[in-house]
$ cat input.txt   # compact mmCIF, C-alpha atoms
# COMPACT_ATOMS: atom_id res chain seq x y z
CA MET A 794 148.36 -20.16 -44.37
CA THR A 795 145.42 -22.56 -44.44
CA ALA A 796 142.61 -22.73 -41.89
CA ARG A 797 143.08 -26.46 -41.32
CA ARG A 798 145.97 -28.75 -40.65
CA SER A 799 143.99 -31.64 -42.18
CA ASP A 800 140.35 -32.42 -42.89
CA ASP A 801 139.78 -33.81 -39.41
CA ASP A 802 142.07 -31.52 -37.39
CA PRO A 803 140.90 -27.90 -37.61
CA ILE A 804 142.93 -25.11 -36.10
CA ASP A 805 141.39 -23.93 -32.84
CA ARG A 806 139.34 -20.79 -33.38
CA THR A 807 137.61 -20.92 -30.00
CA GLY A 808 140.58 -19.82 -27.91
CA LEU A 809 139.86 -22.76 -25.63
CA GLY A 810 142.68 -24.99 -26.79
CA ARG A 811 142.88 -27.47 -29.63
CA ARG A 812 140.66 -30.49 -29.06
CA PHE A 813 140.28 -29.66 -25.37
CA TRP A 814 137.43 -32.19 -25.09
CA GLU A 815 139.89 -35.00 -25.80
CA LYS A 816 142.29 -33.82 -23.10
CA LYS A 817 139.87 -32.99 -20.28
CA SER A 818 137.09 -34.93 -18.66
CA LEU A 819 133.72 -33.21 -18.47
CA ASP A 820 134.17 -32.52 -14.76
CA ARG A 821 137.51 -30.75 -15.38
CA MET A 822 136.19 -28.33 -18.01
CA ASN A 823 135.66 -24.68 -17.24
CA ARG A 824 132.36 -22.99 -18.05
CA ASP A 825 133.48 -21.75 -21.48
CA GLU A 826 134.70 -25.20 -22.50
CA TRP A 827 131.48 -26.79 -21.21
CA GLU A 828 129.28 -24.35 -23.13
CA ALA A 829 131.36 -24.79 -26.30
CA LEU A 830 130.37 -28.47 -26.41
CA CYS A 831 126.81 -27.53 -27.36
CA ASP A 832 126.44 -28.16 -31.09
CA GLY A 833 123.36 -25.97 -31.44
CA CYS A 834 121.06 -28.72 -32.70
CA GLY A 835 118.17 -27.61 -30.48
CA LYS A 836 117.08 -31.15 -29.63
CA CYS A 837 117.50 -30.63 -25.89
CA CYS A 838 114.85 -27.88 -26.10
CA LEU A 839 112.24 -30.22 -27.51
CA ASN A 840 109.56 -31.58 -25.24
CA LYS A 841 110.12 -35.26 -24.58
CA LEU A 842 107.85 -38.08 -23.56
CA GLU A 843 109.20 -40.76 -21.25
CA ASP A 844 107.76 -44.24 -20.95
CA PHE A 845 108.02 -44.87 -17.23
CA GLU A 846 107.86 -48.64 -17.69
CA THR A 847 110.71 -48.91 -20.20
CA GLY A 848 112.55 -45.64 -19.54
CA GLU A 849 112.51 -44.93 -23.28
CA VAL A 850 112.54 -41.24 -24.13
CA ALA A 851 110.89 -39.97 -27.31
CA LEU A 852 111.47 -36.58 -28.87
CA THR A 853 108.55 -34.55 -30.06
CA ARG A 854 108.56 -31.78 -32.64
CA LEU A 855 107.20 -29.50 -29.90
CA ALA A 856 109.73 -26.93 -28.75
CA CYS A 857 110.01 -25.06 -25.47
CA ARG A 858 108.34 -21.67 -25.50
CA LEU A 859 111.77 -19.99 -25.40
CA PHE A 860 113.24 -21.91 -28.32
CA ASP A 861 114.17 -19.85 -31.37
CA ASP A 862 113.43 -22.18 -34.28
CA SER A 863 115.62 -20.26 -36.73
CA THR A 864 118.79 -20.17 -34.60
CA CYS A 865 118.21 -23.41 -32.64
CA ARG A 866 119.06 -21.56 -29.43
CA CYS A 867 117.20 -20.54 -26.32
CA SER A 868 116.01 -16.96 -26.76
CA GLN A 869 116.50 -16.26 -23.04
CA TYR A 870 119.29 -18.66 -22.09
CA PRO A 871 120.90 -16.64 -19.25
CA ILE A 872 117.52 -16.03 -17.56
CA ARG A 873 115.52 -19.02 -18.82
CA HIS A 874 114.61 -20.19 -15.33
CA ASN A 875 112.62 -16.98 -14.81
CA PHE A 876 110.28 -18.24 -17.53
CA VAL A 877 110.74 -22.02 -17.45
CA PRO A 878 111.63 -23.01 -13.88
CA GLU A 879 111.67 -26.71 -14.82
CA CYS A 880 114.39 -26.22 -17.46
CA ILE A 881 117.18 -28.60 -16.55
CA VAL A 882 120.62 -27.20 -15.89
CA LEU A 883 123.08 -29.59 -17.43
CA SER A 884 126.46 -29.55 -15.73
CA PRO A 885 129.27 -31.94 -14.87
CA GLU A 886 127.46 -32.51 -11.58
CA THR A 887 124.12 -33.37 -13.22
CA ILE A 888 125.22 -35.21 -16.38
CA GLU A 889 124.93 -38.65 -14.78
CA GLN A 890 121.34 -37.98 -13.75
CA HIS A 891 120.24 -36.43 -17.05
CA ALA A 892 122.31 -38.16 -19.77
CA TYR A 893 119.56 -40.65 -20.62
CA TRP A 894 117.23 -37.97 -22.02
CA LEU A 895 119.88 -36.13 -24.02
CA PRO A 896 119.81 -36.66 -27.78
CA ARG A 897 121.96 -39.54 -29.06
CA THR A 898 124.11 -37.05 -31.00
CA CYS A 899 124.67 -34.70 -28.04
CA ALA A 900 128.33 -33.99 -27.28
CA TYR A 901 127.67 -34.05 -23.54
CA ARG A 902 126.12 -37.51 -23.77
CA LEU A 903 128.76 -38.81 -26.18
CA LEU A 904 131.70 -37.60 -24.11
CA HIS A 905 130.04 -38.83 -20.91
CA VAL A 906 130.05 -42.39 -22.29
CA GLY A 907 133.52 -42.10 -23.87
CA GLU A 908 132.48 -41.62 -27.50
CA PRO A 909 134.06 -39.07 -29.88
CA LEU A 910 132.37 -35.99 -31.27
CA PRO A 911 130.63 -36.56 -34.60
CA LYS A 912 132.46 -35.29 -37.68
CA TRP A 913 129.86 -32.54 -38.27
CA HIS A 914 130.28 -31.04 -34.77
CA PRO A 915 131.11 -27.30 -34.91
CA LEU A 916 134.20 -27.79 -32.75
CA LEU A 917 135.59 -30.06 -35.48
CA THR A 918 134.35 -28.18 -38.53
CA GLY A 919 135.04 -24.68 -37.26
CA THR A 920 131.55 -23.47 -38.20
CA ALA A 921 128.24 -23.45 -36.35
CA GLN A 922 126.47 -24.06 -39.67
CA SER A 923 127.78 -27.63 -39.93
CA VAL A 924 125.13 -29.04 -37.57
CA HIS A 925 122.40 -27.60 -39.80
CA ASP A 926 124.11 -28.63 -43.05
CA ALA A 927 124.36 -32.20 -41.74
CA GLY A 928 120.60 -32.30 -41.11
CA ILE A 929 121.12 -32.92 -37.40
CA SER A 930 119.47 -29.77 -36.09
CA LEU A 931 115.77 -29.01 -35.83
CA GLN A 932 116.21 -25.64 -37.50
CA ASP A 933 112.88 -24.43 -38.91
CA ARG A 934 111.23 -27.78 -38.11
CA THR A 935 109.56 -27.31 -34.73
CA ILE A 936 106.13 -26.35 -33.43
CA PRO A 937 105.73 -24.15 -30.32
CA GLU A 938 104.61 -26.24 -27.34
CA PHE A 939 101.61 -24.01 -26.65
CA ASP A 940 100.18 -24.68 -30.12
CA VAL A 941 99.34 -28.28 -29.16
CA ASP A 942 97.30 -29.61 -26.23
CA GLU A 943 99.47 -31.75 -23.95
CA ASP A 944 97.11 -34.70 -24.43
CA ASP A 945 98.04 -34.69 -28.13
CA TRP A 946 101.83 -34.57 -27.77
CA GLU A 947 102.17 -38.26 -28.70
CA ASP A 948 100.99 -37.31 -32.21
CA PHE A 949 104.16 -35.23 -32.62
CA ILE A 950 106.82 -37.84 -31.75
CA ILE A 951 109.69 -37.77 -34.23
CA GLU A 952 112.65 -39.93 -35.03
CA GLU A 953 115.82 -38.32 -33.85
CA PRO A 954 117.97 -37.05 -36.73
CA VAL A 955 121.31 -38.84 -36.58

$ encode --input "input.txt" --output "structure tokens"
Amino acid sequence: MTARRSDDDPIDRTGLGRRFWEKKSLDRMNRDEWEALCDGCGKCCLNKLEDFETGEVALTRLACRLFDDSTCRCSQYPIRHNFVPECIVLSPETIEQHAYWLPRTCAYRLLHVGEPLPKWHPLLTGTAQSVHDAGISLQDRTIPEFDVDEDDWEDFIIEEPV
């Protein structure tokens, strides 16, 4: 038996249901389904600069103090607010308010505006490594936020990998 039905239709290995994101709106997903949408790119954990005149949001290479650069995950995710109270909790209730600052490749943002998941997304490939292999993640490419004075953050603006 093969692991895939076709190149673009992997067998569900999450236990959440095949292509659940195509069958349910964000506000109908349970917590496990919601969390499974995260592709592990790490871009949401980068410090961002917002131009208040234009609303444009720029990513910097400067990562949150809790970001693990090698795994592209928060090192203290369940208790992150104990350390970073300003960390935004993204949920179906807050997606409308926060979608503008999410990375262009983010599944939450894409699904919120009715776009499909990108072909490299782990839910489609069946492997968490696909986001790194596609060059989308910031794995091993960030600088800890405390290493740079806030006045110099503009010097670390990056183009978002797409």

$ closest_atom_pairs --input "input.txt" --of "range 829-879 of chain A" --to "range 921-931 of chain A" --cutoff "7 Å" --atoms "only C-alpha atoms" --output "CSV"
residue,atom,partner,partner_atom,distance
A:Asp832,CA,A:Val924,CA,6.7
A:Cys834,CA,A:Ser930,CA,3.9
A:Gly835,CA,A:Leu931,CA,6.0
A:Lys836,CA,A:Leu931,CA,6.7
A:Cys865,CA,A:Leu931,CA,6.9

$ atom_distance --input "input.txt" --atom1 "CA of Ala892 in chain A" --atom2 "CA of Arg811 in chain A"
25.2 Å

$ closest_residue --input "input.txt" --among "A:Glu908, A:Glu889, A:Glu879, A:Asp933" --to "Glu815 in chain A" --atoms "all atoms listed in the file"
A:Glu908

$ closest_residue --input "input.txt" --among "A:Leu852, A:Ile888, A:Cys880, A:Ala900" --to "Leu830 in chain A" --atoms "all atoms listed in the file"
A:Ala900

$ residues_around --input "input.txt" --residues "His891 in chain A" --least-positions-apart "4" --cutoff "12 Å" --atoms "all atoms listed in the file" --output "PyMOL selection string"
chain A and resi 837+850+880-887+895-896+899+901-902+905

$ closest_residue --input "input.txt" --among "A:Glu828, A:Thr898, A:Tyr893, A:Pro915" --to "Glu843 in chain A" --atoms "only C-alpha atoms"
A:Tyr893

$ closest_residue --input "input.txt" --among "A:Leu809, A:Ala851, A:Cys867, A:Cys838" --to "Ile951 in chain A" --atoms "only C-alpha atoms"
A:Ala851

$ closest_residue --input "input.txt" --among "A:Cys857, A:Leu904, A:Trp894, A:Asp945" --to "Phe876 in chain A" --atoms "all atoms listed in the file"
A:Cys857

$ atom_distance --input "input.txt" --atom1 "CA of Thr920 in chain A" --atom2 "CA of Ser863 in chain A"
16.3 Å

$ closest_residue --input "input.txt" --among "A:Val877, A:Ile936, A:Leu917, A:Ile950" --to "Ala829 in chain A" --atoms "only C-alpha atoms"
A:Leu917

$ residues_around --input "input.txt" --residues "Pro937 in chain A" --least-positions-apart "6" --cutoff "12 Å" --atoms "only C-alpha atoms" --output "number ranges by chain"
A: 838-840, 853-862, 943, 946, 949

$ atom_distance --input "input.txt" --atom1 "CA of Tyr870 in chain A" --atom2 "CA of Asp825 in chain A"
14.5 Å
